[in-house]
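Undergrad: File model21.cif follows (mmCIF, C-alpha atoms and all ligand atoms):
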```
data_protein
loop_
_atom_site.label_atom_id
_atom_site.label_comp_id
_atom_site.auth_asym_id
_atom_site.auth_seq_id
_atom_site.Cartn_x
_atom_site.Cartn_y
_atom_site.Cartn_z
CA MET A 1 5.55 13.86 -23.47
CA ALA A 2 4.58 11.20 -20.94
CA SER A 3 6.61 10.93 -17.76
CA ALA A 4 8.98 8.05 -17.16
CA ALA A 5 7.34 4.76 -16.28
CA TYR A 6 7.56 3.42 -12.74
CA ASP A 7 8.67 0.02 -14.01
CA GLN A 8 9.05 -2.19 -17.10
CA ILE A 9 7.05 -5.41 -17.15
CA GLU A 10 7.28 -8.20 -19.68
CA ILE A 11 3.97 -9.26 -21.17
CA GLU A 12 4.41 -12.85 -19.98
CA ASP A 13 4.34 -11.58 -16.37
CA MET A 14 0.96 -9.91 -16.88
CA VAL A 15 -2.41 -11.64 -16.62
CA PHE A 16 -4.62 -11.65 -19.71
CA HIS A 17 -8.38 -11.61 -19.11
CA PRO A 18 -10.08 -12.92 -22.28
CA GLU A 19 -13.52 -11.73 -21.14
CA THR A 20 -12.45 -8.05 -20.91
CA GLN A 21 -9.51 -8.27 -23.35
CA LEU A 22 -7.35 -6.54 -20.74
CA PHE A 23 -3.80 -7.28 -19.67
CA THR A 24 -3.29 -6.50 -15.99
CA TYR A 25 -0.39 -6.39 -13.54
CA PRO A 26 -0.39 -5.58 -9.80
CA CYS A 27 0.25 -1.92 -8.89
CA PRO A 28 2.01 -1.19 -5.57
CA CYS A 29 -1.07 0.81 -4.53
CA GLY A 30 -3.20 -2.37 -4.43
CA ASP A 31 -5.04 -1.75 -7.70
CA ARG A 32 -3.91 -3.07 -11.11
CA PHE A 33 -2.21 -1.59 -14.16
CA GLU A 34 -4.29 -2.33 -17.24
CA VAL A 35 -4.14 -2.04 -21.03
CA PHE A 36 -6.34 -3.43 -23.82
CA ILE A 37 -4.83 -5.99 -26.18
CA ASP A 38 -5.98 -3.95 -29.20
CA ASP A 39 -4.17 -0.88 -27.86
CA LEU A 40 -0.96 -2.90 -27.56
CA PHE A 41 -1.55 -4.14 -31.11
CA ASP A 42 -1.84 -0.51 -32.23
CA GLY A 43 1.52 0.35 -30.69
CA GLU A 44 0.59 1.48 -27.17
CA THR A 45 3.22 0.39 -24.62
CA ARG A 46 1.90 1.98 -21.43
CA ALA A 47 -0.42 0.33 -18.93
CA VAL A 48 -2.00 2.67 -16.38
CA CYS A 49 -3.48 2.24 -12.92
CA PRO A 50 -6.98 3.68 -12.42
CA SER A 51 -6.23 4.46 -8.73
CA CYS A 52 -2.89 6.28 -8.83
CA SER A 53 -0.38 8.10 -11.02
CA LEU A 54 1.93 5.14 -11.65
CA GLU A 55 2.37 3.67 -15.13
CA ILE A 56 4.37 0.74 -16.48
CA ASP A 57 5.95 0.08 -19.86
CA VAL A 58 4.87 -3.25 -21.27
CA ILE A 59 7.72 -5.13 -22.94
CA PHE A 60 6.46 -7.18 -25.90
CA GLU A 61 6.68 -7.83 -29.63
CA GLN A 62 3.51 -7.54 -31.69
CA GLU A 63 3.72 -11.23 -32.60
CA ASP A 64 3.56 -12.10 -28.86
CA LEU A 65 -0.09 -11.05 -28.98
CA ALA A 66 -1.12 -13.90 -31.31
CA GLU A 67 -1.54 -16.49 -28.53
CA TYR A 68 -3.69 -14.12 -26.47
CA TYR A 69 -5.96 -13.26 -29.41
CA GLU A 70 -6.32 -16.98 -29.94
CA GLU A 71 -7.14 -17.49 -26.22
CA ALA A 72 -9.85 -14.80 -26.43
CA GLY A 73 -11.19 -16.32 -29.63
CA VAL A 74 -11.03 -13.04 -31.51
CA GLN A 75 -9.12 -11.78 -34.51
CA PRO A 76 -6.53 -8.99 -34.27
CA PRO A 77 -7.54 -5.68 -35.93
CA GLU A 78 -5.21 -6.57 -38.81
CA PRO A 79 -3.47 -9.85 -39.63
CA LEU A 80 -0.32 -10.30 -37.52
CA ALA A 81 2.89 -10.28 -39.46
CA ILE A 82 4.70 -13.22 -37.93
CA ALA A 83 8.38 -13.48 -38.65
CA THR A 84 9.35 -16.91 -39.86
CA MET B 85 -5.11 -7.01 23.78
CA SER B 86 -3.19 -5.04 21.15
CA ARG B 87 -3.89 -1.59 19.77
CA LEU B 88 -3.55 -1.24 16.01
CA TYR B 89 -3.03 1.95 13.99
CA CYS B 90 -2.79 2.45 10.23
CA MET B 91 -2.95 4.81 7.25
CA GLY B 92 -2.62 4.75 3.46
CA SER B 93 -4.36 3.03 0.55
CA ASN B 94 -7.89 1.93 1.40
CA GLY B 95 -9.89 1.53 -1.82
CA GLN B 96 -11.22 -1.91 -0.78
CA GLY B 97 -11.48 -1.36 2.98
CA GLN B 98 -8.09 -3.01 3.60
CA LEU B 99 -7.37 -0.66 6.51
CA GLY B 100 -10.34 -2.02 8.45
CA LEU B 101 -11.46 1.46 9.50
CA SER B 102 -15.13 1.05 8.52
CA HIS B 103 -14.64 3.39 5.56
CA ARG B 104 -12.87 3.25 2.20
CA GLU B 105 -11.04 6.59 2.09
CA ASP B 106 -7.24 6.78 1.71
CA ILE B 107 -5.97 8.50 4.84
CA ILE B 108 -2.76 10.41 5.56
CA ALA B 109 -2.68 10.37 9.38
CA LEU B 110 -2.68 7.37 11.71
CA GLN B 111 -6.08 6.20 12.91
CA GLU B 112 -6.87 3.48 15.42
CA VAL B 113 -8.39 0.32 13.93
CA PRO B 114 -11.51 -1.03 15.67
CA LEU B 115 -10.76 -4.66 16.51
CA PRO B 116 -13.16 -7.52 17.30
CA GLU B 117 -13.47 -8.22 21.01
CA SER B 118 -12.39 -11.81 20.61
CA LEU B 119 -9.03 -10.80 19.10
CA ASN B 120 -6.13 -11.45 21.45
CA LYS B 121 -2.59 -10.07 21.17
CA ILE B 122 -1.56 -9.51 17.52
CA LYS B 123 1.13 -11.98 16.52
CA LYS B 124 1.48 -11.13 12.82
CA LEU B 125 -0.13 -8.90 10.21
CA ASN B 126 0.17 -9.50 6.47
CA CYS B 127 -1.31 -7.82 3.39
CA GLY B 128 -2.14 -8.95 -0.12
CA GLY B 129 -2.94 -6.41 -2.83
CA ASN B 130 -6.16 -5.26 -1.22
CA HIS B 131 -6.73 -7.56 1.75
CA THR B 132 -5.24 -7.63 5.25
CA ILE B 133 -4.92 -10.65 7.57
CA LEU B 134 -4.27 -10.61 11.32
CA LEU B 135 -3.04 -13.59 13.35
CA ASP B 136 -3.53 -13.41 17.12
CA SER B 137 -1.90 -15.27 19.99
CA ASN B 138 -4.92 -17.59 20.28
CA GLY B 139 -4.20 -18.89 16.77
CA SER B 140 -7.26 -17.18 15.30
CA ILE B 141 -7.19 -15.21 12.05
CA TYR B 142 -9.08 -12.07 11.08
CA GLY B 143 -9.37 -10.31 7.74
CA THR B 144 -10.61 -7.17 6.05
CA GLY B 145 -10.63 -5.67 2.54
CA ASP B 146 -11.13 -7.29 -0.85
CA ASN B 147 -12.85 -10.68 -0.91
CA ASN B 148 -13.77 -10.75 -4.61
CA GLU B 149 -11.38 -13.65 -5.16
CA SER B 150 -12.40 -15.41 -1.90
CA GLN B 151 -9.09 -14.48 -0.31
CA LEU B 152 -10.97 -14.06 2.99
CA GLY B 153 -13.53 -16.82 2.52
CA LEU B 154 -16.41 -14.77 3.91
CA PRO B 155 -19.84 -14.21 2.31
CA GLU B 156 -19.32 -10.47 1.63
CA LYS B 157 -17.38 -9.37 -1.49
CA VAL B 158 -15.73 -6.45 0.32
CA LEU B 159 -15.26 -5.84 4.04
CA ALA B 160 -14.21 -2.59 5.71
CA GLN B 161 -13.73 -4.06 9.20
CA PHE B 162 -11.78 -6.99 10.61
CA ASN B 163 -13.91 -10.11 10.82
CA LYS B 164 -12.94 -13.50 12.17
CA LEU B 165 -12.13 -15.89 9.32
CA GLN B 166 -13.62 -19.36 9.24
CA CYS B 167 -10.98 -21.89 10.18
CA ASN B 168 -11.54 -24.81 12.49
CA VAL B 169 -7.90 -25.33 13.42
CA LYS B 170 -5.42 -23.12 15.26
CA VAL B 171 -3.11 -21.11 13.02
CA LYS B 172 0.62 -20.58 13.65
CA ASP B 173 1.67 -18.41 10.69
CA ILE B 174 0.16 -16.48 7.78
CA ALA B 175 1.29 -14.98 4.46
CA CYS B 176 -0.48 -13.39 1.50
CA SER B 177 0.05 -13.24 -2.24
CA TRP B 178 -1.73 -10.64 -4.35
CA THR B 179 -5.14 -12.33 -4.06
CA SER B 180 -4.65 -15.35 -1.82
CA THR B 181 -4.08 -16.21 1.84
CA LEU B 182 -1.73 -18.98 3.03
CA ILE B 183 -1.87 -20.32 6.60
CA LEU B 184 0.16 -22.81 8.64
CA THR B 185 -1.96 -24.85 11.04
CA GLU B 186 -1.03 -26.14 14.48
CA GLY B 187 -0.47 -29.54 12.82
CA ASN B 188 2.12 -28.00 10.44
CA GLU B 189 -0.19 -28.23 7.43
CA LEU B 190 -0.28 -25.47 4.82
CA LEU B 191 -3.74 -24.37 3.67
CA ILE B 192 -4.53 -21.81 1.01
CA MET B 193 -7.59 -19.86 -0.09
CA GLY B 194 -8.11 -17.36 -2.91
CA LYS B 195 -7.04 -16.94 -6.51
CA GLY B 196 -3.78 -16.81 -8.44
CA PHE B 197 -2.91 -17.10 -12.12
CA LYS B 198 0.85 -17.56 -11.72
CA GLY B 199 0.97 -20.84 -9.82
CA GLU B 200 1.01 -19.12 -6.43
CA LEU B 201 -1.73 -21.37 -5.04
CA GLY B 202 0.70 -24.30 -5.26
CA LEU B 203 -2.12 -26.70 -6.09
CA GLY B 204 -0.79 -28.04 -9.35
CA SER B 205 -1.34 -27.62 -13.03
CA GLY B 206 -3.99 -25.10 -14.01
CA VAL B 207 -5.56 -24.58 -10.55
CA VAL B 208 -6.18 -20.82 -10.29
CA SER B 209 -8.89 -20.69 -7.62
CA THR B 210 -9.85 -22.53 -4.43
CA GLU B 211 -13.44 -21.28 -4.45
CA ASN B 212 -14.55 -20.40 -0.93
CA LYS B 213 -12.59 -22.94 1.10
CA TRP B 214 -9.20 -23.80 2.53
CA VAL B 215 -7.30 -26.31 0.39
CA SER B 216 -4.28 -28.29 1.61
CA VAL B 217 -1.00 -27.44 -0.14
CA MET B 218 1.44 -29.63 1.81
CA LYS B 219 2.33 -30.86 5.29
CA PHE B 220 5.53 -30.65 7.32
CA LYS B 221 6.89 -32.93 10.05
CA GLN B 222 5.58 -32.29 13.55
CA GLY B 223 8.14 -30.37 15.58
CA ASN B 224 9.77 -28.59 12.64
CA THR B 225 9.80 -24.80 12.71
CA VAL B 226 8.06 -23.58 9.58
CA LYS B 227 7.93 -19.93 8.45
CA LEU B 228 5.86 -18.44 5.63
CA TYR B 229 6.72 -15.58 3.28
CA GLY B 230 4.62 -14.14 0.46
CA SER B 231 5.09 -11.75 -2.43
CA LEU B 232 2.66 -10.77 -5.20
CA GLN B 233 3.07 -13.89 -7.31
CA ASN B 234 5.04 -16.24 -5.05
CA PHE B 235 5.22 -18.01 -1.74
CA VAL B 236 8.39 -19.21 -0.02
CA VAL B 237 8.30 -21.50 3.02
CA VAL B 238 11.29 -22.26 5.25
CA ASP B 239 11.23 -25.67 6.98
CA ASN B 240 13.83 -25.75 9.77
CA SER B 241 14.55 -28.92 11.73
CA LEU B 242 17.41 -30.46 13.69
CA TYR B 243 18.69 -31.69 10.33
CA GLY B 244 18.96 -28.26 8.71
CA SER B 245 16.92 -26.00 6.47
CA ILE B 246 14.80 -26.77 3.45
CA ILE B 247 13.30 -23.92 1.42
CA TYR B 248 10.22 -24.55 -0.69
CA GLY B 249 8.78 -22.10 -3.20
CA TRP B 250 6.15 -21.83 -5.90
CA GLY B 251 4.50 -19.28 -8.21
CA ALA B 252 5.92 -17.16 -11.03
CA ASN B 253 9.39 -18.13 -12.26
CA THR B 254 9.88 -15.93 -15.32
CA LYS B 255 12.90 -14.23 -13.72
CA CYS B 256 14.36 -17.40 -12.17
CA GLN B 257 13.18 -16.14 -8.79
CA LEU B 258 12.62 -19.78 -7.80
CA LEU B 259 14.68 -21.99 -10.08
CA SER B 260 16.89 -21.94 -13.16
CA PRO B 261 16.19 -22.15 -15.99
CA LYS B 262 13.25 -19.78 -16.11
CA SER B 263 9.72 -21.02 -16.65
CA ARG B 264 6.35 -19.31 -16.67
CA LYS B 265 5.32 -20.81 -13.36
CA VAL B 266 6.08 -23.45 -10.76
CA GLU B 267 2.67 -24.73 -9.72
CA LYS B 268 3.59 -27.03 -6.83
CA PRO B 269 5.82 -26.57 -3.76
CA THR B 270 9.33 -27.27 -5.00
CA VAL B 271 12.59 -27.46 -3.07
CA LEU B 272 14.65 -24.36 -3.92
CA TRP B 273 17.55 -24.99 -1.59
CA GLU B 274 18.55 -27.20 1.30
CA SER B 275 21.40 -27.44 3.74
CA SER B 276 22.29 -29.57 6.72
CA ASN B 277 24.60 -27.00 8.32
CA THR B 278 22.98 -23.64 7.57
CA THR B 279 19.74 -22.42 9.09
CA ILE B 280 17.75 -19.88 7.12
CA GLN B 281 16.32 -17.25 9.41
CA GLU B 282 14.80 -14.67 7.11
CA VAL B 283 13.57 -14.41 3.53
CA ALA B 284 13.13 -10.98 1.95
CA MET B 285 10.90 -10.93 -1.14
CA GLY B 286 10.81 -8.24 -3.81
CA LYS B 287 8.47 -8.35 -6.77
CA ASP B 288 10.53 -10.95 -8.63
CA PHE B 289 13.76 -11.32 -6.61
CA PHE B 290 14.35 -12.92 -3.24
CA ALA B 291 17.13 -12.83 -0.63
CA PHE B 292 17.81 -15.56 1.95
CA ILE B 293 19.64 -14.78 5.21
CA ASP B 294 21.00 -17.37 7.64
CA ASP B 295 21.06 -17.22 11.44
CA GLN B 296 24.62 -15.86 11.30
CA ARG B 297 23.41 -12.86 9.26
CA ASN B 298 25.01 -14.04 6.03
CA LEU B 299 23.26 -13.47 2.75
CA VAL B 300 23.38 -17.07 1.52
CA LYS B 301 21.24 -16.92 -1.61
CA LEU B 302 19.90 -14.27 -3.95
CA THR B 303 17.57 -15.14 -6.84
CA GLY B 304 15.68 -13.50 -9.69
CA ASN B 305 15.64 -9.99 -11.07
CA VAL B 306 17.89 -8.41 -8.43
CA PRO B 307 18.33 -4.60 -8.71
CA GLN B 308 21.44 -4.08 -10.82
CA SER B 309 23.14 -1.73 -8.38
CA PHE B 310 23.18 -4.38 -5.67
CA ASP B 311 26.63 -5.85 -5.24
CA LEU B 312 26.57 -9.21 -3.50
CA LYS B 313 30.36 -9.42 -3.23
CA ASN B 314 30.60 -6.63 -0.68
CA ARG B 315 27.65 -7.92 1.26
CA THR B 316 28.59 -11.40 2.39
CA LYS B 317 30.12 -10.18 5.65
CA LYS B 318 28.25 -10.74 8.87
CA ASP B 319 27.10 -7.15 9.03
CA ILE B 320 23.46 -7.42 8.03
CA LEU B 321 21.21 -6.54 10.95
CA GLY B 322 18.10 -6.68 8.81
CA ILE B 323 17.11 -7.08 5.17
CA HIS B 324 13.85 -6.19 3.47
CA CYS B 325 12.72 -5.65 -0.11
CA MET B 326 10.25 -3.26 -1.66
CA TRP B 327 8.93 -4.48 -5.01
CA THR B 328 11.79 -2.89 -6.96
CA SER B 329 14.53 -2.25 -4.39
CA ILE B 330 16.56 -4.03 -1.71
CA HIS B 331 17.45 -2.55 1.70
CA LEU B 332 19.96 -3.57 4.35
CA GLN B 333 20.21 -2.37 7.90
CA THR B 334 23.92 -2.18 8.71
CA ALA B 335 25.47 -0.43 11.71
CA ASN B 336 22.54 1.92 12.17
CA GLN B 337 22.25 2.91 8.53
CA ILE B 338 19.82 1.74 5.89
CA GLN B 339 21.67 0.94 2.65
CA SER B 340 19.35 0.83 -0.35
CA TYR B 341 19.74 -0.38 -3.94
CA GLY B 342 17.30 -0.21 -6.88
CA ASN B 343 14.40 1.95 -8.05
CA ASN B 344 14.57 5.50 -6.65
CA ARG B 345 11.89 7.27 -8.68
CA TYR B 346 9.91 8.10 -5.51
CA ASN B 347 12.64 8.39 -2.84
CA GLN B 348 12.44 4.67 -2.13
CA LEU B 349 16.21 4.51 -1.55
CA PHE B 350 16.79 5.64 2.03
CA ASP B 351 18.59 8.97 2.20
CA ASN B 352 20.86 8.75 5.26
CA THR B 353 21.85 12.40 4.76
CA LYS B 354 18.26 13.47 5.53
CA PHE B 355 18.09 11.44 8.72
CA ASP B 356 19.78 12.53 11.94
CA ARG B 357 18.94 9.62 14.24
CA ASP B 358 21.60 7.06 15.06
CA ASN B 359 19.71 4.29 16.79
CA VAL B 360 17.67 2.40 14.19
CA ILE B 361 16.45 -0.76 15.87
CA LYS B 362 14.45 -2.32 13.02
CA PHE B 363 12.72 -1.60 9.75
CA VAL B 364 10.25 -3.17 7.30
CA ALA B 365 9.37 -2.57 3.65
CA GLY B 366 5.96 -2.13 2.05
CA SER B 367 5.35 -2.33 -1.71
CA GLU B 368 7.22 0.92 -2.43
CA HIS B 369 7.77 2.52 0.97
CA GLY B 370 9.73 1.74 4.12
CA ILE B 371 9.00 2.04 7.83
CA LEU B 372 11.71 2.16 10.51
CA VAL B 373 11.81 2.33 14.28
CA THR B 374 14.41 4.23 16.30
CA LYS B 375 14.97 4.40 20.02
CA ARG B 376 15.74 7.73 21.64
CA GLU B 377 16.25 7.91 25.38
CA ASP B 378 13.08 6.38 26.78
CA PHE B 379 10.81 6.48 23.74
CA PHE B 380 10.52 5.02 20.27
CA GLU B 381 9.95 6.84 16.98
CA VAL B 382 8.46 5.44 13.78
CA TRP B 383 9.59 6.96 10.47
CA CYS B 384 8.34 6.34 6.89
CA TRP B 385 9.93 7.04 3.52
CA GLY B 386 9.41 6.32 -0.19
CA TRP B 387 6.39 6.31 -2.50
CA ALA B 388 3.66 8.00 -0.45
CA GLU B 389 0.92 8.86 -2.96
CA HIS B 390 -1.80 7.15 -0.91
CA GLY B 391 -1.00 8.91 2.37
CA ASN B 392 1.04 5.96 3.58
CA CYS B 393 4.05 8.02 4.75
CA GLY B 394 1.91 10.54 6.60
CA ILE B 395 1.78 14.33 6.50
CA LEU B 396 5.29 15.71 6.00
CA ASN B 397 6.45 17.01 9.42
CA GLY B 398 2.91 16.31 10.61
CA PRO B 399 1.49 14.94 13.85
CA THR B 400 3.18 12.05 15.67
CA GLU B 401 0.10 10.96 17.60
CA VAL B 402 -2.82 8.82 16.47
CA GLN B 403 -5.66 11.02 15.19
CA THR B 404 -9.25 10.67 16.32
CA SER B 405 -10.66 12.42 13.23
CA ILE B 406 -10.27 11.13 9.66
CA HIS B 407 -7.52 12.91 7.66
CA ILE B 408 -8.40 12.09 4.05
CA ASN B 409 -5.32 11.89 1.84
CA ASP B 410 -4.70 15.32 0.29
CA GLN B 411 -1.76 14.09 -1.85
CA SER B 412 0.51 16.58 -0.07
CA ASN B 413 3.27 13.95 0.34
CA ILE B 414 3.98 11.91 -2.82
CA SER B 415 7.72 11.15 -2.66
CA SER B 416 8.56 11.12 1.00
CA PRO B 417 11.95 11.77 2.60
CA PRO B 418 12.32 10.09 6.03
CA ASN B 419 9.27 11.41 7.93
CA MET B 420 8.46 10.83 11.60
CA ILE B 421 4.88 9.63 12.01
CA PHE B 422 4.62 8.19 15.52
CA LYS B 423 6.18 8.29 18.98
CA CYS B 424 5.54 5.93 21.86
CA LYS B 425 6.98 4.56 25.12
CA LYS B 426 6.65 0.85 24.34
CA GLU B 427 8.48 -0.79 21.44
CA PRO B 428 6.02 -0.82 18.52
CA PHE B 429 5.57 -3.49 15.85
CA VAL B 430 5.45 -2.22 12.27
CA TYR B 431 4.38 -3.61 8.89
CA GLY B 432 4.13 -2.21 5.36
CA GLY B 433 1.55 -3.42 2.83
CA CYS B 434 0.62 -2.14 -0.63
CA ALA B 435 0.87 1.59 0.16
CA THR B 436 -0.40 0.88 3.67
CA THR B 437 1.42 1.51 6.96
CA TRP B 438 0.64 -0.44 10.15
CA ILE B 439 1.77 0.02 13.74
CA TRP B 440 0.70 -2.01 16.77
CA VAL B 441 1.62 -1.89 20.42
ZN ZN C 1 -1.95 2.19 -8.56
#
```
Would it be possible to restate this file's structure as structure tokens?
Ligand SMILES: [Zn+2]

TA:
Amino acid sequence: MASAAYDQIEIEDMVFHPETQLFTYPCPCGDRFEVFIDDLFDGETRAVCPSCSLEIDVIFEQEDLAEYYEEAGVQPPEPLAIAT
Amino acid sequence: MSRLYCMGSNGQGQLGLSHREDIIALQEVPLPESLNKIKKLNCGGNHTILLDSNGSIYGTGDNNESQLGLPEKVLAQFNKLQCNVKVKDIACSWTSTLILTEGNELLIMGKGFKGELGLGSGVVSTENKWVSVMKFKQGNTVKLYGSLQNFVVVDNSLYGSIIYGWGANTKCQLLSPKSRKVEKPTVLWESSNTTIQEVAMGKDFFAFIDDQRNLVKLTGNVPQSFDLKNRTKKDILGIHCMWTSIHLQTANQIQSYGNNRYNQLFDNTKFDRDNVIKFVAGSEHGILVTKREDFFEVWCWGWAEHGNCGILNGPTEVQTSIHINDQSNISSPPNMIFKCKKEPFVYGGCATTWIWV
């Protein structure tokens, strides 16, 4: 079982980098928490920092990812079920 | 000439020690000969800026986003930054540097995706040059404050205080209702009879203190345990925020509210000194100064994974050899790291601790 996250961050506060398909958010160590959009799509909620032990929980709904897939010009692994 | 000491996170050379190892004991920073007395030190995520009493600025660390405006991508020593005007104040966001010139003009350099450059719709980079953000009236006293995704500027004149802010606004840290970002300097608050003296910025919540020590405004995602009602008395000697907690200095205690996963909330029961004279907050650690008889002590507490709170019960002198972080102190109780005869200045960056005398 993973340890408790250092913080909870909403996806709109993160930065999406279309070229690497990573969401990032500043870590208090100076590096950045990061997680791939496809991993979020597959149900991952943790973003990790490569330079320290801290992790954050990313707050999002799967349908929030649609605009970022569109921005990157790629298709999600499966069609997004968008509630209407 | 000042002497500068530091320790902590150093992956991009932000400590200016000519190496990129995280260190857990204070080391003296080699400073350029031209640098005069240090007036202010400020850190972004991975870059550090110094302002001296000549109005010159120096920087070290990450320059991948042109936050230093030098040719090298990464620097591990303080270098003079190119700026052909005298500088009065500095502040950093995560990857940008904001300066106030002698002529009361705000200039910015670097990158920011959340509107923190203040340059209007869609501008996320300045390239390698200073760009004008706004100008204030000559004679006004202007003070700069930065957090990871925001800047706040206080403009004090004979006619009162005006507070400007820009950057992320998803938690109403600037204005209500919330918005993704505020991309130009926007008036957050103004008053003709109250003078704002200090702004304390957390990750996405800010506190504004007037010159009578009243907490006059609190915005954004304030830690839930913080009760404003009991805190409007004139008893606040100092206020500072870590990213996820808020700390008040009141009658020689530090009262803390918010995230305590790594001992960030000051534990007064583990601290036997009674003469705290000041404190500051880094990203997730704090640094305080006490006076005892004829000398000063500097103590650190909080998240210490990068060596930034020192070796627990370790040396209190500056070390001449490099003590690479051994991760022996991760969640630090109040820990004395330095003693000196002259009142020291202190600053906390992103898991970095700075002392100058
Ligand atoms: Zn980190």

Undergrad: Please determine, counting only C-alpha atoms and all ligand atoms, which residue among B:Ile395, B:Glu389, B:Met420, B:Leu159 has the shortest atom-to-atom distance to ligand ZN 1 (chain C).

TA: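 Using only C-alpha atoms and all ligand atoms, ligand ZN 1 (chain C) sits closest to B:Glu389.
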
Undergrad: Please, which residues have at least one atom within 9 Å of an atom of ligand ZN 1 (chain C), using all atoms listed in the file, listed as an MDAnalysis selection string?

TA: chainID A and resid 26:33 48:55

Undergrad: Could you list, as a list in words, every residue within 7 Å of Ser150 (chain B), counting only C-alpha atoms and ignoring same-chain residues fewer than 4 positions away?

TA: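 Those residues are Met193, Gly194, Glu211 and Asn212 of chain B.
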
Undergrad: B:Thr400, B:Gln151, B:Asn224, B:Thr179: which is nearest Glu381 (chain B), counting all atoms listed in the file?

TA: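 With all atoms listed in the file as the atom set, the closest residue is B:Thr400.
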
Undergrad: Rounded to one decimal place, report the CA of Glu63 (chain A)-CA of Val208 (chain B) distance in Å.

TA: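 If I compute the distance from CA of Glu63 (chain A) to CA of Val208 (chain B), I get 26.2 Å.
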
Undergrad: Let me make sure I understand: among B:Leu203, B:Ala160, B:Met91, B:Val300, which one has the smallest atom-to-atom distance to Lys268 (chain B) if we use all atoms listed in the file?

TA: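 The answer is B:Leu203, which sits nearest to Lys268 (chain B).
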
Undergrad: May I have the residues within 8 Å of Trp383 (chain B) as a list in words, using only C-alpha atoms and disregarding those fewer than 2 positions away in the same chain?

TA: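 So the residues in contact are Ile371, Leu372, Val373, Glu381, Trp385, Pro418, Asn419, Met420, Ile421 and Phe422 of chain B.
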
Undergrad: Only C-alpha atoms, please: the residues just picked out, written as an mmCIF file, in the frame of the given file.

TA:
```
data_model
loop_
_atom_site.group_PDB
_atom_site.id
_atom_site.type_symbol
_atom_site.label_atom_id
_atom_site.label_comp_id
_atom_site.auth_asym_id
_atom_site.auth_seq_id
_atom_site.Cartn_x
_atom_site.Cartn_y
_atom_site.Cartn_z
ATOM 1 C CA ILE B 371 9.000 2.040 7.830
ATOM 2 C CA LEU B 372 11.710 2.160 10.510
ATOM 3 C CA VAL B 373 11.810 2.330 14.280
ATOM 4 C CA GLU B 381 9.950 6.840 16.980
ATOM 5 C CA TRP B 385 9.930 7.040 3.520
ATOM 6 C CA PRO B 418 12.320 10.090 6.030
ATOM 7 C CA ASN B 419 9.270 11.410 7.930
ATOM 8 C CA MET B 420 8.460 10.830 11.600
ATOM 9 C CA ILE B 421 4.880 9.630 12.010
ATOM 10 C CA PHE B 422 4.620 8.190 15.520
#
```

Undergrad: Within 8 Å of (17.1, -12.8, -9.7) (file coordinates; all atoms listed in the file), which protein or nucleic acid residues are there? I'd like them as a PyMOL selection string.

TA: chain B and resi 255-257+288-290+302-306

Undergrad: What's the 9 Å shell around Val15 (chain A), counting only C-alpha atoms, without same-chain residues fewer than 3 positions away, as a VMD selection string?

TA: (chain A and resid 11 to 12 22 to 25) or (chain B and resid 197 to 198)
